[in-house]
Number of protein chains: 2
Amino acid sequence: MRDVYRALSDPTRRAILRLLRKRDLSAGDIAEHFPVAKPTLSKHFTVLKEADLIQGRRNGTTIIYSLNVSVLEDALCQMMDTFKISPKSKSSKE
Amino acid sequence: MRDVYRALSDPTRRAILRLLRKRDLSAGDIAEHFPVAKPTLSKHFTVLKEADLIQGRRNGTTIIYSLNVSVLEDALCQMMDTFKISPKSKSSKE
DNA sequence: CGAATAATTAGCCAAATGGCTAATTAGCCA
DNA sequence: TGGCTAATTAGCCATTTGGCTAATTATTCG
């Protein structure tokens with residue numbers, strides 16, 4: 001989970017995830033959506049892979065990235081579990 | 001939201017939020033749970049306040065921090081909205 | 001007021017982060 | 001094989017981050 005939080009902390013990486021939500025895309029396709037150099041994006045891919053949020057498969061000279069849907073869903077659910085409010089004590093202020 | 005992601009990216013700050021989920025606590029009370037110096041925690045409080053996830057109120061010489069429950073809930077819901085899978089295209093791999 | 005306590009701000013430092021260009025790897029095809 | 005394209009790795013740099021100690025602020029109380 002640590003890696004997931006880290007992965008989500010950067011706006012470019014969040015945008016990559018949103019793109020991949022719709023369809024698989026090659027590294028080059030993704031690059032067209034961002035004003036940063038390709039090697040910079042490669043680093044972002046690495047971070048996202050470390051969090052297991054995406055995976056790449058080679059297709060000829062290109063690499064196709066796809067979202068690991070269930071991993072993302074599980075991570076979101078776990079965040080809910082971690083932070084969502086248990087109706088324990090009364091509300092705080094006032 | 002940018003600030004929320006940033007706030008959540010650090011494990012100490014996440015732990016602070018979990019603590020405040022149960023009850024309000026003074027800065028000193030919170031400090032007892034962590035092996036870091038008080039000024040370091042003060043910085044974390046600042047980051048959490050910038051994300052509007054917590055607020056502090058003074059009570060004599062101490063400052064009591066409380067979780068902004070609805071802000072956290074809204075943030076989590078928005079993350080769900082942002083990332084949860086719309087049943088658009090078919091699954092990706094294979 | 002003066003001392004004590006709680007917390008923050010100021011200022012410093014090492015490590016991590018996100019960006020870039022140049023060089024390298026990997027696969028395709030003539 | 002040689003050349004082309006796609007992408008990553010290597011290496012560099014500036015900024016941010018999370019940590020610390022010392023100094024400052026705020027409040028209470030004798």
# chains A, B, ... in the order shown; residues from 1 in each chain; ligands from 1
>>> calpha_fit_and_write(fixed="chain A", moving="chain B", output="short mmCIF file (atom, residue, chain, number, x, y, z; two decimals) with N, CA and C atoms, in the first residue's frame")
data_model
loop_
_atom_site.label_atom_id
_atom_site.label_comp_id
_atom_site.auth_asym_id
_atom_site.auth_seq_id
_atom_site.Cartn_x
_atom_site.Cartn_y
_atom_site.Cartn_z
N MET B 1 0.85 -1.20 0.00
CA MET B 1 0.02 0.02 0.00
C MET B 1 0.86 1.29 0.00
N ARG B 2 1.97 1.19 0.73
CA ARG B 2 2.89 2.33 0.76
C ARG B 2 3.17 2.82 -0.66
N ASP B 3 3.47 1.88 -1.54
CA ASP B 3 3.79 2.22 -2.92
C ASP B 3 2.59 2.81 -3.66
N VAL B 4 1.41 2.38 -3.28
CA VAL B 4 0.21 2.91 -3.93
C VAL B 4 0.04 4.38 -3.58
N TYR B 5 0.17 4.70 -2.30
CA TYR B 5 0.05 6.10 -1.89
C TYR B 5 1.08 6.96 -2.61
N ARG B 6 2.28 6.42 -2.70
CA ARG B 6 3.33 7.16 -3.37
C ARG B 6 2.96 7.37 -4.85
N ALA B 7 2.49 6.32 -5.47
CA ALA B 7 2.13 6.40 -6.88
C ALA B 7 1.04 7.45 -7.11
N LEU B 8 0.09 7.50 -6.21
CA LEU B 8 -1.04 8.41 -6.38
C LEU B 8 -0.69 9.85 -6.02
N SER B 9 0.45 10.07 -5.41
CA SER B 9 0.75 11.42 -4.94
C SER B 9 1.15 12.37 -6.06
N ASP B 10 1.42 11.84 -7.24
CA ASP B 10 1.81 12.72 -8.35
C ASP B 10 0.69 12.89 -9.37
N PRO B 11 0.40 14.13 -9.76
CA PRO B 11 -0.72 14.40 -10.66
C PRO B 11 -0.57 13.74 -12.04
N THR B 12 0.65 13.70 -12.54
CA THR B 12 0.86 13.06 -13.84
C THR B 12 0.52 11.57 -13.76
N ARG B 13 0.96 10.94 -12.69
CA ARG B 13 0.67 9.51 -12.54
C ARG B 13 -0.82 9.27 -12.38
N ARG B 14 -1.50 10.15 -11.67
CA ARG B 14 -2.95 9.98 -11.55
C ARG B 14 -3.61 10.10 -12.91
N ALA B 15 -3.12 11.04 -13.71
CA ALA B 15 -3.69 11.21 -15.04
C ALA B 15 -3.44 9.98 -15.91
N ILE B 16 -2.28 9.38 -15.77
CA ILE B 16 -1.98 8.16 -16.52
C ILE B 16 -2.98 7.07 -16.16
N LEU B 17 -3.24 6.94 -14.88
CA LEU B 17 -4.21 5.92 -14.45
C LEU B 17 -5.58 6.19 -15.03
N ARG B 18 -5.97 7.46 -15.05
CA ARG B 18 -7.28 7.79 -15.60
C ARG B 18 -7.35 7.46 -17.09
N LEU B 19 -6.25 7.72 -17.79
CA LEU B 19 -6.21 7.37 -19.21
C LEU B 19 -6.39 5.86 -19.41
N LEU B 20 -5.67 5.11 -18.60
CA LEU B 20 -5.68 3.64 -18.78
C LEU B 20 -6.98 3.01 -18.30
N ARG B 21 -7.76 3.81 -17.58
CA ARG B 21 -9.07 3.34 -17.16
C ARG B 21 -9.94 3.04 -18.38
N LYS B 22 -9.75 3.84 -19.41
CA LYS B 22 -10.60 3.70 -20.59
C LYS B 22 -10.12 2.60 -21.52
N ARG B 23 -8.83 2.59 -21.79
CA ARG B 23 -8.30 1.58 -22.72
C ARG B 23 -6.79 1.45 -22.53
N ASP B 24 -6.27 0.34 -23.00
CA ASP B 24 -4.82 0.14 -22.97
C ASP B 24 -4.16 1.10 -23.95
N LEU B 25 -2.96 1.52 -23.60
CA LEU B 25 -2.25 2.47 -24.45
C LEU B 25 -0.76 2.16 -24.44
N SER B 26 -0.11 2.45 -25.55
CA SER B 26 1.34 2.31 -25.60
C SER B 26 1.99 3.49 -24.88
N ALA B 27 3.25 3.31 -24.53
CA ALA B 27 3.99 4.40 -23.89
C ALA B 27 3.94 5.66 -24.74
N GLY B 28 4.07 5.49 -26.03
CA GLY B 28 4.03 6.63 -26.93
C GLY B 28 2.67 7.32 -26.95
N ASP B 29 1.63 6.53 -26.97
CA ASP B 29 0.28 7.10 -26.93
C ASP B 29 0.09 7.94 -25.67
N ILE B 30 0.53 7.39 -24.57
CA ILE B 30 0.40 8.10 -23.30
C ILE B 30 1.20 9.39 -23.35
N ALA B 31 2.39 9.31 -23.92
CA ALA B 31 3.28 10.48 -23.98
C ALA B 31 2.62 11.65 -24.68
N GLU B 32 1.77 11.34 -25.67
CA GLU B 32 1.13 12.43 -26.42
C GLU B 32 0.22 13.29 -25.55
N HIS B 33 -0.19 12.73 -24.42
CA HIS B 33 -1.10 13.47 -23.55
C HIS B 33 -0.39 14.40 -22.58
N PHE B 34 0.94 14.31 -22.52
CA PHE B 34 1.64 15.07 -21.50
C PHE B 34 2.78 15.89 -22.07
N PRO B 35 3.04 17.02 -21.44
CA PRO B 35 4.09 17.92 -21.93
C PRO B 35 5.46 17.57 -21.38
N VAL B 36 5.68 16.34 -20.97
CA VAL B 36 6.98 15.98 -20.42
C VAL B 36 7.69 14.99 -21.35
N ALA B 37 8.99 14.91 -21.18
CA ALA B 37 9.80 14.05 -22.05
C ALA B 37 9.50 12.58 -21.79
N LYS B 38 9.73 11.77 -22.79
CA LYS B 38 9.45 10.33 -22.66
C LYS B 38 10.18 9.66 -21.49
N PRO B 39 11.46 9.95 -21.32
CA PRO B 39 12.15 9.30 -20.20
C PRO B 39 11.52 9.64 -18.85
N THR B 40 11.01 10.84 -18.74
CA THR B 40 10.32 11.22 -17.52
C THR B 40 9.10 10.34 -17.31
N LEU B 41 8.36 10.11 -18.38
CA LEU B 41 7.19 9.24 -18.28
C LEU B 41 7.61 7.81 -17.95
N SER B 42 8.70 7.36 -18.52
CA SER B 42 9.18 6.01 -18.22
C SER B 42 9.36 5.84 -16.71
N LYS B 43 9.89 6.88 -16.09
CA LYS B 43 10.05 6.81 -14.63
C LYS B 43 8.70 6.68 -13.94
N HIS B 44 7.73 7.44 -14.44
CA HIS B 44 6.40 7.35 -13.84
C HIS B 44 5.84 5.94 -14.01
N PHE B 45 6.06 5.36 -15.17
CA PHE B 45 5.60 3.99 -15.39
C PHE B 45 6.22 3.05 -14.37
N THR B 46 7.50 3.26 -14.12
CA THR B 46 8.19 2.42 -13.15
C THR B 46 7.54 2.51 -11.77
N VAL B 47 7.24 3.74 -11.37
CA VAL B 47 6.61 3.93 -10.05
C VAL B 47 5.25 3.24 -10.02
N LEU B 48 4.50 3.39 -11.09
CA LEU B 48 3.17 2.76 -11.13
C LEU B 48 3.28 1.24 -11.15
N LYS B 49 4.31 0.73 -11.81
CA LYS B 49 4.52 -0.72 -11.82
C LYS B 49 4.92 -1.22 -10.44
N GLU B 50 5.76 -0.44 -9.76
CA GLU B 50 6.17 -0.84 -8.40
C GLU B 50 4.96 -0.95 -7.48
N ALA B 51 3.98 -0.12 -7.73
CA ALA B 51 2.75 -0.20 -6.93
C ALA B 51 1.80 -1.25 -7.49
N ASP B 52 2.22 -1.89 -8.54
CA ASP B 52 1.43 -2.93 -9.21
C ASP B 52 0.11 -2.39 -9.78
N LEU B 53 0.08 -1.07 -10.02
CA LEU B 53 -1.15 -0.48 -10.53
C LEU B 53 -1.28 -0.62 -12.04
N ILE B 54 -0.15 -0.78 -12.72
CA ILE B 54 -0.18 -1.01 -14.16
C ILE B 54 0.79 -2.13 -14.51
N GLN B 55 0.66 -2.63 -15.73
CA GLN B 55 1.68 -3.55 -16.23
C GLN B 55 1.85 -3.29 -17.72
N GLY B 56 3.04 -3.62 -18.18
CA GLY B 56 3.32 -3.40 -19.59
C GLY B 56 3.60 -4.73 -20.28
N ARG B 57 3.15 -4.84 -21.51
CA ARG B 57 3.52 -6.02 -22.30
C ARG B 57 4.06 -5.52 -23.64
N ARG B 58 5.07 -6.19 -24.10
CA ARG B 58 5.68 -5.75 -25.35
C ARG B 58 4.89 -6.25 -26.55
N ASN B 59 4.77 -5.37 -27.53
CA ASN B 59 4.12 -5.74 -28.78
C ASN B 59 4.95 -5.16 -29.90
N GLY B 60 5.85 -5.95 -30.41
CA GLY B 60 6.79 -5.43 -31.40
C GLY B 60 7.72 -4.45 -30.75
N THR B 61 7.85 -3.28 -31.34
CA THR B 61 8.75 -2.29 -30.75
C THR B 61 8.07 -1.44 -29.69
N THR B 62 6.76 -1.60 -29.58
CA THR B 62 6.06 -0.77 -28.59
C THR B 62 5.74 -1.58 -27.35
N ILE B 63 5.48 -0.85 -26.28
CA ILE B 63 5.06 -1.50 -25.04
C ILE B 63 3.69 -0.97 -24.68
N ILE B 64 2.78 -1.90 -24.50
CA ILE B 64 1.40 -1.54 -24.20
C ILE B 64 1.18 -1.61 -22.70
N TYR B 65 0.69 -0.51 -22.16
CA TYR B 65 0.41 -0.50 -20.73
C TYR B 65 -1.08 -0.70 -20.47
N SER B 66 -1.36 -1.44 -19.42
CA SER B 66 -2.76 -1.61 -19.03
C SER B 66 -2.89 -1.47 -17.53
N LEU B 67 -4.05 -1.02 -17.14
CA LEU B 67 -4.36 -0.80 -15.73
C LEU B 67 -4.64 -2.13 -15.05
N ASN B 68 -4.10 -2.32 -13.86
CA ASN B 68 -4.47 -3.47 -13.06
C ASN B 68 -5.71 -3.13 -12.24
N VAL B 69 -6.83 -3.31 -12.88
CA VAL B 69 -8.09 -2.83 -12.32
C VAL B 69 -8.32 -3.32 -10.90
N SER B 70 -8.15 -4.61 -10.69
CA SER B 70 -8.50 -5.14 -9.37
C SER B 70 -7.56 -4.61 -8.30
N VAL B 71 -6.31 -4.40 -8.67
CA VAL B 71 -5.37 -3.85 -7.69
C VAL B 71 -5.79 -2.45 -7.27
N LEU B 72 -6.18 -1.65 -8.27
CA LEU B 72 -6.62 -0.29 -7.96
C LEU B 72 -7.88 -0.31 -7.10
N GLU B 73 -8.80 -1.15 -7.48
CA GLU B 73 -10.04 -1.25 -6.69
C GLU B 73 -9.74 -1.66 -5.26
N ASP B 74 -8.93 -2.69 -5.12
CA ASP B 74 -8.59 -3.14 -3.77
C ASP B 74 -7.94 -2.03 -2.96
N ALA B 75 -7.04 -1.30 -3.61
CA ALA B 75 -6.35 -0.22 -2.92
C ALA B 75 -7.34 0.84 -2.44
N LEU B 76 -8.27 1.20 -3.31
CA LEU B 76 -9.27 2.20 -2.92
C LEU B 76 -10.10 1.70 -1.75
N CYS B 77 -10.51 0.44 -1.82
CA CYS B 77 -11.31 -0.12 -0.73
C CYS B 77 -10.52 -0.10 0.58
N GLN B 78 -9.25 -0.43 0.47
CA GLN B 78 -8.43 -0.46 1.68
C GLN B 78 -8.28 0.95 2.26
N MET B 79 -8.20 1.94 1.39
CA MET B 79 -8.14 3.30 1.89
C MET B 79 -9.42 3.66 2.61
N MET B 80 -10.51 3.23 2.05
CA MET B 80 -11.81 3.45 2.71
C MET B 80 -11.79 2.82 4.10
N ASP B 81 -11.41 1.57 4.14
CA ASP B 81 -11.34 0.87 5.42
C ASP B 81 -10.46 1.61 6.41
N THR B 82 -9.34 2.08 5.91
CA THR B 82 -8.36 2.70 6.80
C THR B 82 -8.87 4.00 7.39
N PHE B 83 -9.59 4.76 6.57
CA PHE B 83 -9.90 6.12 6.98
C PHE B 83 -11.37 6.39 7.25
N LYS B 84 -12.22 5.58 6.72
CA LYS B 84 -13.62 5.93 6.86
C LYS B 84 -14.01 5.89 8.32
N ILE B 85 -14.98 6.69 8.63
CA ILE B 85 -15.27 6.96 10.03
C ILE B 85 -16.10 5.86 10.65
N SER B 86 -15.55 5.29 11.70
CA SER B 86 -16.34 4.37 12.50
C SER B 86 -17.18 5.21 13.47
N PRO B 87 -18.47 4.89 13.63
CA PRO B 87 -19.34 5.72 14.48
C PRO B 87 -19.03 5.48 15.95
N LYS B 88 -17.78 5.77 16.31
CA LYS B 88 -17.32 5.50 17.68
C LYS B 88 -17.79 6.58 18.64
N SER B 89 -16.91 7.55 18.85
CA SER B 89 -17.24 8.61 19.80
C SER B 89 -18.14 9.64 19.11
N LYS B 90 -18.58 10.59 19.91
CA LYS B 90 -19.35 11.68 19.36
C LYS B 90 -18.49 12.49 18.40
N SER B 91 -19.13 13.38 17.69
CA SER B 91 -18.38 14.27 16.82
C SER B 91 -17.43 15.09 17.67
N SER B 92 -16.46 15.68 17.03
CA SER B 92 -15.37 16.28 17.78
C SER B 92 -15.66 17.70 18.26
N LYS B 93 -15.58 18.64 17.36
CA LYS B 93 -15.69 20.03 17.79
C LYS B 93 -17.07 20.35 18.37
N GLU B 94 -17.13 21.42 19.10
CA GLU B 94 -18.30 21.94 19.82
C GLU B 94 -18.58 21.18 21.09
#
>>> select_by_dssp(residues="chain B", states="alpha helix (DSSP H)", output="PyMOL selection string")
chain B and resi 2-8+11-22+27-31+38-50+69-83
>>> write_last_selection(atoms="C-alpha atoms", output="CSV table (one decimal), in the first residue's frame")
chain,number,residue,atom,x,y,z
B,2,ARG,CA,-3.9,18.0,-4.8
B,3,ASP,CA,-3.1,18.8,-1.2
B,4,VAL,CA,-5.1,15.8,0.0
B,5,TYR,CA,-3.0,13.4,-2.1
B,6,ARG,CA,0.1,15.1,-0.8
B,7,ALA,CA,-1.0,14.8,2.8
B,8,LEU,CA,-1.8,11.1,2.4
B,11,PRO,CA,2.9,7.3,6.5
B,12,THR,CA,3.3,9.4,9.6
B,13,ARG,CA,0.5,11.8,8.4
B,14,ARG,CA,-1.7,8.8,7.6
B,15,ALA,CA,-1.1,7.5,11.1
B,16,ILE,CA,-2.0,10.9,12.6
B,17,LEU,CA,-5.3,10.8,10.7
B,18,ARG,CA,-6.0,7.3,12.0
B,19,LEU,CA,-5.4,8.5,15.5
B,20,LEU,CA,-7.7,11.4,15.2
B,21,ARG,CA,-10.4,9.2,13.8
B,22,LYS,CA,-11.0,7.9,17.3
B,27,ALA,CA,-0.1,18.0,19.7
B,28,GLY,CA,1.7,16.5,22.6
B,29,ASP,CA,-0.6,13.5,22.9
B,30,ILE,CA,0.0,12.8,19.2
B,31,ALA,CA,3.7,13.2,19.6
B,38,LYS,CA,7.8,17.7,17.9
B,39,PRO,CA,8.8,20.3,15.4
B,40,THR,CA,8.8,17.6,12.7
B,41,LEU,CA,5.2,16.8,13.7
B,42,SER,CA,4.3,20.4,13.7
B,43,LYS,CA,5.2,20.4,10.0
B,44,HIS,CA,3.0,17.4,9.4
B,45,PHE,CA,0.2,19.2,11.1
B,46,THR,CA,0.7,22.1,8.8
B,47,VAL,CA,0.5,19.8,5.7
B,48,LEU,CA,-2.7,18.2,7.0
B,49,LYS,CA,-4.2,21.6,7.7
B,50,GLU,CA,-3.3,22.8,4.2
B,69,VAL,CA,-14.4,14.0,9.1
B,70,SER,CA,-16.5,15.3,6.2
B,71,VAL,CA,-13.6,16.6,4.3
B,72,LEU,CA,-11.9,13.2,4.6
B,73,GLU,CA,-15.0,11.4,3.5
B,74,ASP,CA,-15.5,13.7,0.6
B,75,ALA,CA,-11.9,13.3,-0.5
B,76,LEU,CA,-12.2,9.5,-0.4
B,77,CYS,CA,-15.4,9.6,-2.4
B,78,GLN,CA,-13.8,11.8,-4.9
B,79,MET,CA,-10.9,9.4,-5.3
B,80,MET,CA,-13.4,6.6,-5.9
B,81,ASP,CA,-15.1,8.7,-8.5
B,82,THR,CA,-11.8,9.5,-10.1
B,83,PHE,CA,-10.5,6.1,-10.3
>>> interface_residues(of="chain D", to="chain B", cutoff="9 Å", atoms="only C-alpha atoms (C1' of nucleotides)", output="list in words")
DG18, DG19, DC20, DA26, DT27 and DT28 of chain D
>>> write_last_selection(atoms="N, CA and C atoms (P, O5', C5', C4', C3', O3' and C1' of nucleotides)", output="CSV table (one decimal), in the first residue's frame")
chain,number,residue,atom,x,y,z
D,18,DG,P,7.1,14.6,3.2
D,18,DG,O5',8.1,14.2,4.4
D,18,DG,C5',9.0,13.1,4.2
D,18,DG,C4',10.1,13.1,5.3
D,18,DG,C3',9.5,13.4,6.7
D,18,DG,O3',10.1,12.5,7.6
D,18,DG,C1',11.2,15.0,6.2
D,19,DG,P,9.6,12.3,9.0
D,19,DG,O5',10.8,12.9,9.9
D,19,DG,C5',12.0,12.1,10.0
D,19,DG,C4',13.2,13.0,10.3
D,19,DG,C3',13.2,13.9,11.6
D,19,DG,O3',13.5,13.1,12.7
D,19,DG,C1',14.2,15.1,9.8
D,20,DC,P,13.4,13.8,14.2
D,20,DC,O5',14.7,14.8,14.3
D,20,DC,C5',16.0,14.3,14.1
D,20,DC,C4',17.0,15.4,14.2
D,20,DC,C3',16.7,16.3,15.5
D,20,DC,O3',17.7,16.0,16.5
D,20,DC,C1',16.9,17.7,13.5
D,26,DA,P,2.4,35.2,19.8
D,26,DA,O5',1.8,34.2,20.8
D,26,DA,C5',1.4,32.9,20.4
D,26,DA,C4',0.8,32.1,21.5
D,26,DA,C3',0.0,33.0,22.5
D,26,DA,O3',-1.2,32.3,22.7
D,26,DA,C1',1.6,31.9,23.7
D,27,DT,P,-2.4,33.0,23.4
D,27,DT,O5',-2.4,32.3,24.9
D,27,DT,C5',-2.4,30.9,24.9
D,27,DT,C4',-2.1,30.5,26.3
D,27,DT,C3',-2.8,31.2,27.4
D,27,DT,O3',-3.5,30.3,28.2
D,27,DT,C1',-0.5,30.9,27.9
D,28,DT,P,-4.6,30.7,29.3
D,28,DT,O5',-4.0,30.1,30.6
D,28,DT,C5',-3.6,28.8,30.6
D,28,DT,C4',-2.6,28.5,31.7
D,28,DT,C3',-3.1,29.0,33.1
D,28,DT,O3',-3.0,27.9,34.0
D,28,DT,C1',-0.9,29.8,32.7
>>> closest_atom_pairs(of="chain C", to="chain B", cutoff="8 Å", atoms="only C-alpha atoms (C1' of nucleotides)", output="tab-separated table")
residue	atom	partner	partner_atom	distance
C:DT5	C1'	B:Thr61	CA	7.3
C:DA6	C1'	B:Thr61	CA	5.4
C:DA7	C1'	B:Thr62	CA	7.1
C:DT8	C1'	B:Ser42	CA	7.0
>>> write_last_selection(atoms="C-alpha atoms (C1' of nucleotides)", output="short mmCIF file (atom, residue, chain, number, x, y, z; two decimals), in the first residue's frame")
data_model
loop_
_atom_site.label_atom_id
_atom_site.label_comp_id
_atom_site.auth_asym_id
_atom_site.auth_seq_id
_atom_site.Cartn_x
_atom_site.Cartn_y
_atom_site.Cartn_z
"C1'" DT C 5 5.02 24.37 29.83
"C1'" DA C 6 3.25 23.55 25.06
"C1'" DA C 7 3.78 24.31 20.63
"C1'" DT C 8 5.44 26.62 16.58
#
>>> atom_distance(atom1="atom C1' of DG2 of chain D", atom2="atom C1' of DT25 of chain C")
16.1 Å
>>> select_by_dssp(residues="segment 4-90 of chain A", states="strand (DSSP E or B)", output="count of residues only")
14
>>> atom_distance(atom1="atom C1' of DA14 of chain D", atom2="atom C1' of DA10 of chain C")
22.5 Å
>>> atom_distance(atom1="atom C1' of DG27 of chain C", atom2="atom C1' of DG11 of chain D")
25.7 Å
